[in-house]
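A.B. asks: First the structure, then my questions, so here it is.
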There are 2 protein chains.
Amino acid sequence: MFAAPAIQNLLDELERLPGIGPKSAQRIAYWILNTDHETALRLSEAIVEVKETVHFCPRCFNYAQGDECEVCASTKRDTSVLCVVEEPRDIPPIERTGVFFGRYHVLGGALSPMEGIGPDQLNIAALMRRLASEDVQEVVLATNPNVEGETTATYLARLIKPLGITVTRLASGLPVGGDLEYADEVTLGRALEQRRTL
Amino acid sequence: MFAAPAIQNLLDELERLPGIGPKSAQRIAYWILNTDHETALRLSEAIVEVKETVHFCPRCFNYAQGDECEVCASTKRDTSVLCVVEEPRDIPPIERTGVFFGRYHVLGGALSPMEGIGPDQLNIAALMRRLASEDVQEVVLATNPNVEGETTATYLARLIKPLGITVTRLASGLPVGGDLEYADEVTLGRALEQRRTL
């Protein structure tokens with residue numbers, strides 16, 4: 001303990017944050033000590049506000065502050081297309097692309113027998129209820145392109161296809177701006193298999 | 001705005017922190033959203049506590065929670081040796097060495113004509129008052145080994161030496177465990193100039 005107890009306590013709490021080691025925690029703690037009272041309190045209050053006002057959207061399980069999340073509450077979205085993602089954090093990157101105008105459904109994870117996550121631990125029953133009550137024409141499976149995400153997509157495709165709904169999956173291939181030389185063989189293999197006619 | 005307002009607000013506040021870019025802010029914000037209420041509130045309260053209870057030690061200008069900082073309040077320190085540092089953040093690394101048992105004096109910066117920081121902007125008058133009233137035998141100048149730090153050390157040495165007090169400076173040289181091959185020429189030059197007889 002080479003710092004005042006309150007500083008040591010702040011360091012301990014900061015070090016819990018993801019990607020924050022002792023050096024970063026120290027830099028942030030001294031920044032908080034040096035900054036004006038108001039700026040520091042704004043950060044403290046932003047944390048409290050997020051914990052007190054943000055909950056899961058009852059429709060799609062995205063983070064929401066009002067009754068429904070901003071996407072579900074919008075009247076401008078195409079309700080016939082539903083994009084299924086693993087986590088709420090997957091939604092902002094898709095929104096930023098500016099090419100998707102449908103709604104979302106957040107699973108809350110991916111199937112993983114290793115970690116004991118089966119269909120009942122995910123928001124799959126709620127998804128099926130939505131497909132039964134909403135007029136959805138297409139479900140885009142946007143789970144991660146890894147083992148758990150692919151397993152989940154395959155599982156959902158098998159459940160949803162019999163309902164007569166089009167099921168699609170995000171394309172796999174070379175990242176735009178990427179270098180063919182540095183692509184891993186699995187990605188390059190997918191890019192070849194899923195090659196398009198020009 | 002692709003996130004609920006409270007989340008966007010938290011992201012904005014997190015991005016103000018040093019070393020935290022948009023990606024890190026997002027990772028931390030989602031961690032806060034996912035963690036239990038109590039853990040998040042502990043962080044929020046640690047920030048408030050530090051701002052409300054930590055002030056400058058009236059003797060040495062280190063951060064303090066009680067009347068004086070922990071070093072000044074300790075009865076186990078050698079009051080005849082005073083280590084002068086630029087900032088409170090310089091004290092923990094010196095304490096961690098385990099080889100310094102004296103007290104500290106924090107200048108609150110270094111002389112920098114470029115930034116308009118002269119002797120009056122630093123805690124130099126307070127240092128001179130301490131040297132007049134406390135029985136200090138040696139002042140260790142531990143300002144940073146850069147232009148501003150060296151200038152400050154030279155300035156202080158000129159002020160303090162006439163008082164008959166021993167003035168020392170941290171040694172410059174190769175970092176322990178470092179590689180001679182990769183040392184910059186200035187550091188290597190210092191290490192040569194300040195070579196010791198074995």
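Naming scheme: A, B, ... for chains in displayed order of the structure tokens; residues 1 onward per chain; ligands 1 onward as shown.
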If you run DSSP on the backbone here, which positions in segment 4-198 of chain B get helix (DSSP H, G or I)? Please write them as a CSV table (one decimal) with C-alpha atoms, in the first residue's frame.

C.D. replies:
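What landed in selection11.csv:
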```csv
chain,number,residue,atom,x,y,z
B,5,PRO,CA,-28.7,7.3,-24.5
B,6,ALA,CA,-27.4,6.1,-21.1
B,7,ILE,CA,-25.0,3.7,-22.8
B,8,GLN,CA,-23.9,6.4,-25.3
B,9,ASN,CA,-23.3,8.8,-22.4
B,10,LEU,CA,-21.2,6.2,-20.5
B,11,LEU,CA,-19.2,5.6,-23.7
B,12,ASP,CA,-18.6,9.3,-24.0
B,13,GLU,CA,-17.4,9.6,-20.4
B,14,LEU,CA,-15.2,6.5,-20.7
B,15,GLU,CA,-13.5,7.8,-23.8
B,22,PRO,CA,-13.7,3.8,-28.7
B,23,LYS,CA,-13.0,0.1,-28.7
B,24,SER,CA,-11.8,-0.1,-25.1
B,25,ALA,CA,-14.7,2.2,-24.0
B,26,GLN,CA,-17.1,-0.2,-25.6
B,27,ARG,CA,-15.5,-3.2,-24.0
B,28,ILE,CA,-15.7,-1.5,-20.6
B,29,ALA,CA,-19.3,-0.2,-21.1
B,30,TYR,CA,-20.6,-3.7,-21.9
B,31,TRP,CA,-18.7,-5.2,-19.0
B,32,ILE,CA,-20.4,-2.6,-16.7
B,33,LEU,CA,-23.8,-3.5,-18.3
B,34,ASN,CA,-23.2,-7.2,-17.8
B,37,HIS,CA,-25.2,-4.0,-9.8
B,38,GLU,CA,-22.9,-4.1,-6.7
B,39,THR,CA,-19.6,-4.3,-8.6
B,40,ALA,CA,-20.6,-1.4,-10.9
B,41,LEU,CA,-21.6,0.7,-7.9
B,42,ARG,CA,-18.3,0.0,-6.1
B,43,LEU,CA,-16.5,1.5,-9.1
B,44,SER,CA,-18.8,4.5,-9.2
B,45,GLU,CA,-18.4,5.1,-5.4
B,46,ALA,CA,-14.6,4.6,-5.5
B,47,ILE,CA,-14.5,7.6,-8.0
B,48,VAL,CA,-16.7,9.7,-5.7
B,49,GLU,CA,-14.7,8.8,-2.6
B,50,VAL,CA,-11.4,9.7,-4.1
B,51,LYS,CA,-12.7,13.1,-5.2
B,52,GLU,CA,-14.3,13.8,-1.9
B,53,THR,CA,-11.7,12.6,0.6
B,70,GLU,CA,0.8,8.5,5.0
B,71,VAL,CA,4.6,9.1,4.6
B,72,CYS,CA,4.6,12.4,6.5
B,73,ALA,CA,2.3,10.9,9.2
B,88,PRO,CA,2.4,12.5,-6.5
B,89,ARG,CA,2.4,9.6,-9.0
B,90,ASP,CA,6.2,9.5,-8.8
B,91,ILE,CA,6.1,8.5,-5.1
B,92,PRO,CA,4.6,4.9,-5.4
B,93,PRO,CA,7.4,3.7,-7.7
B,94,ILE,CA,10.1,5.0,-5.4
B,95,GLU,CA,8.3,3.4,-2.4
B,96,ARG,CA,8.2,0.1,-4.2
B,97,THR,CA,12.0,0.1,-4.6
B,113,PRO,CA,9.4,28.4,-19.8
B,114,MET,CA,7.7,27.0,-22.9
B,115,GLU,CA,4.5,26.2,-20.9
B,119,PRO,CA,9.3,28.7,-9.8
B,120,ASP,CA,6.2,30.5,-8.6
B,121,GLN,CA,3.9,27.9,-10.2
B,124,ILE,CA,9.3,25.6,-4.3
B,125,ALA,CA,8.7,28.3,-1.7
B,126,ALA,CA,7.1,25.7,0.5
B,127,LEU,CA,10.2,23.5,0.0
B,128,MET,CA,12.5,26.3,1.1
B,129,ARG,CA,10.3,26.9,4.2
B,130,ARG,CA,10.6,23.2,5.1
B,131,LEU,CA,14.4,23.2,4.6
B,132,ALA,CA,14.5,26.2,7.0
B,133,SER,CA,12.3,24.6,9.7
B,147,VAL,CA,14.9,18.6,-20.2
B,148,GLU,CA,12.3,20.1,-17.8
B,149,GLY,CA,13.3,17.7,-15.0
B,150,GLU,CA,17.0,18.4,-15.4
B,151,THR,CA,16.4,22.2,-15.6
B,152,THR,CA,14.4,22.0,-12.4
B,153,ALA,CA,17.0,19.9,-10.6
B,154,THR,CA,19.8,22.4,-11.6
B,155,TYR,CA,17.7,25.3,-10.4
B,156,LEU,CA,16.9,23.7,-7.1
B,157,ALA,CA,20.5,22.6,-6.5
B,158,ARG,CA,21.6,26.2,-6.9
B,159,LEU,CA,19.0,27.3,-4.3
B,160,ILE,CA,19.6,24.5,-1.8
B,161,LYS,CA,23.4,24.0,-1.8
B,162,PRO,CA,24.1,27.4,-0.1
B,163,LEU,CA,22.1,26.2,2.9
B,180,LEU,CA,23.4,-2.5,-24.3
B,181,GLU,CA,22.7,-3.0,-28.0
B,182,TYR,CA,19.3,-1.3,-27.8
B,185,GLU,CA,23.1,6.9,-27.3
B,186,VAL,CA,22.3,9.6,-24.7
B,187,THR,CA,21.6,7.0,-22.0
B,188,LEU,CA,24.7,5.0,-22.9
B,189,GLY,CA,26.8,8.2,-22.9
B,190,ARG,CA,25.5,9.0,-19.4
B,191,ALA,CA,26.3,5.4,-18.3
B,192,LEU,CA,29.9,5.8,-19.5
B,193,GLU,CA,30.3,9.3,-18.0
```

A.B. asks: So how many Å separate atom CA of Arg16 of chain B and atom CA of Thr35 of chain A, to one decimal?

C.D. replies: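 We find that atom CA of Arg16 of chain B and atom CA of Thr35 of chain A lie 10.6 Å from each other.
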
A.B. asks: Please, what distance in Å, to one decimal, runs between atom CA of Leu122 of chain A and atom CA of Gly108 of chain A?

C.D. replies: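 Going from atom CA of Leu122 of chain A over to atom CA of Gly108 of chain A, I get 5.7 Å.
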
A.B. asks: Using only C-alpha atoms, which of the listed residues (B:Val54, B:Ile165, B:Asp67, B:Glu86) sits closest to Pro145 of chain B?

C.D. replies: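 Closest to Pro145 of chain B, using only C-alpha atoms: B:Glu86.
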
A.B. asks: Could you tell me how far atom CA of Asn62 of chain A lies from atom CA of Gly102 of chain A, in Å and to one decimal?

C.D. replies: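 The value is 13.8 Å.
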
A.B. asks: Could you go through segment 101-149 of chain B and tell me which residues DSSP, when run on the backbone, assigns to strand (DSSP E), listing them as a ChimeraX atom specification?

C.D. replies: /B:103-106,138-141

A.B. asks: Could you list, as a ChimeraX atom specification, every residue within 10 Å of Val81 of chain A, counting only C-alpha atoms and ignoring same-chain residues fewer than 5 positions away?

C.D. replies: /A:100-104,135-140,165-167

A.B. asks: Closest to Tyr63 of chain B among A:Ser172, A:Ala4, A:Thr75, A:Gly178, using only C-alpha atoms?

C.D. replies: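 When distances to Tyr63 of chain B are compared using only C-alpha atoms, the smallest one comes from A:Ala4.
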
A.B. asks: So which one's closest to chain A, B:Asn146, B:Ser112, B:Thr168, B:Gln65? Using only C-alpha atoms, please.

C.D. replies: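 Of B:Asn146, B:Ser112, B:Thr168, B:Gln65, the one nearest chain A is B:Gln65, counting only C-alpha atoms.
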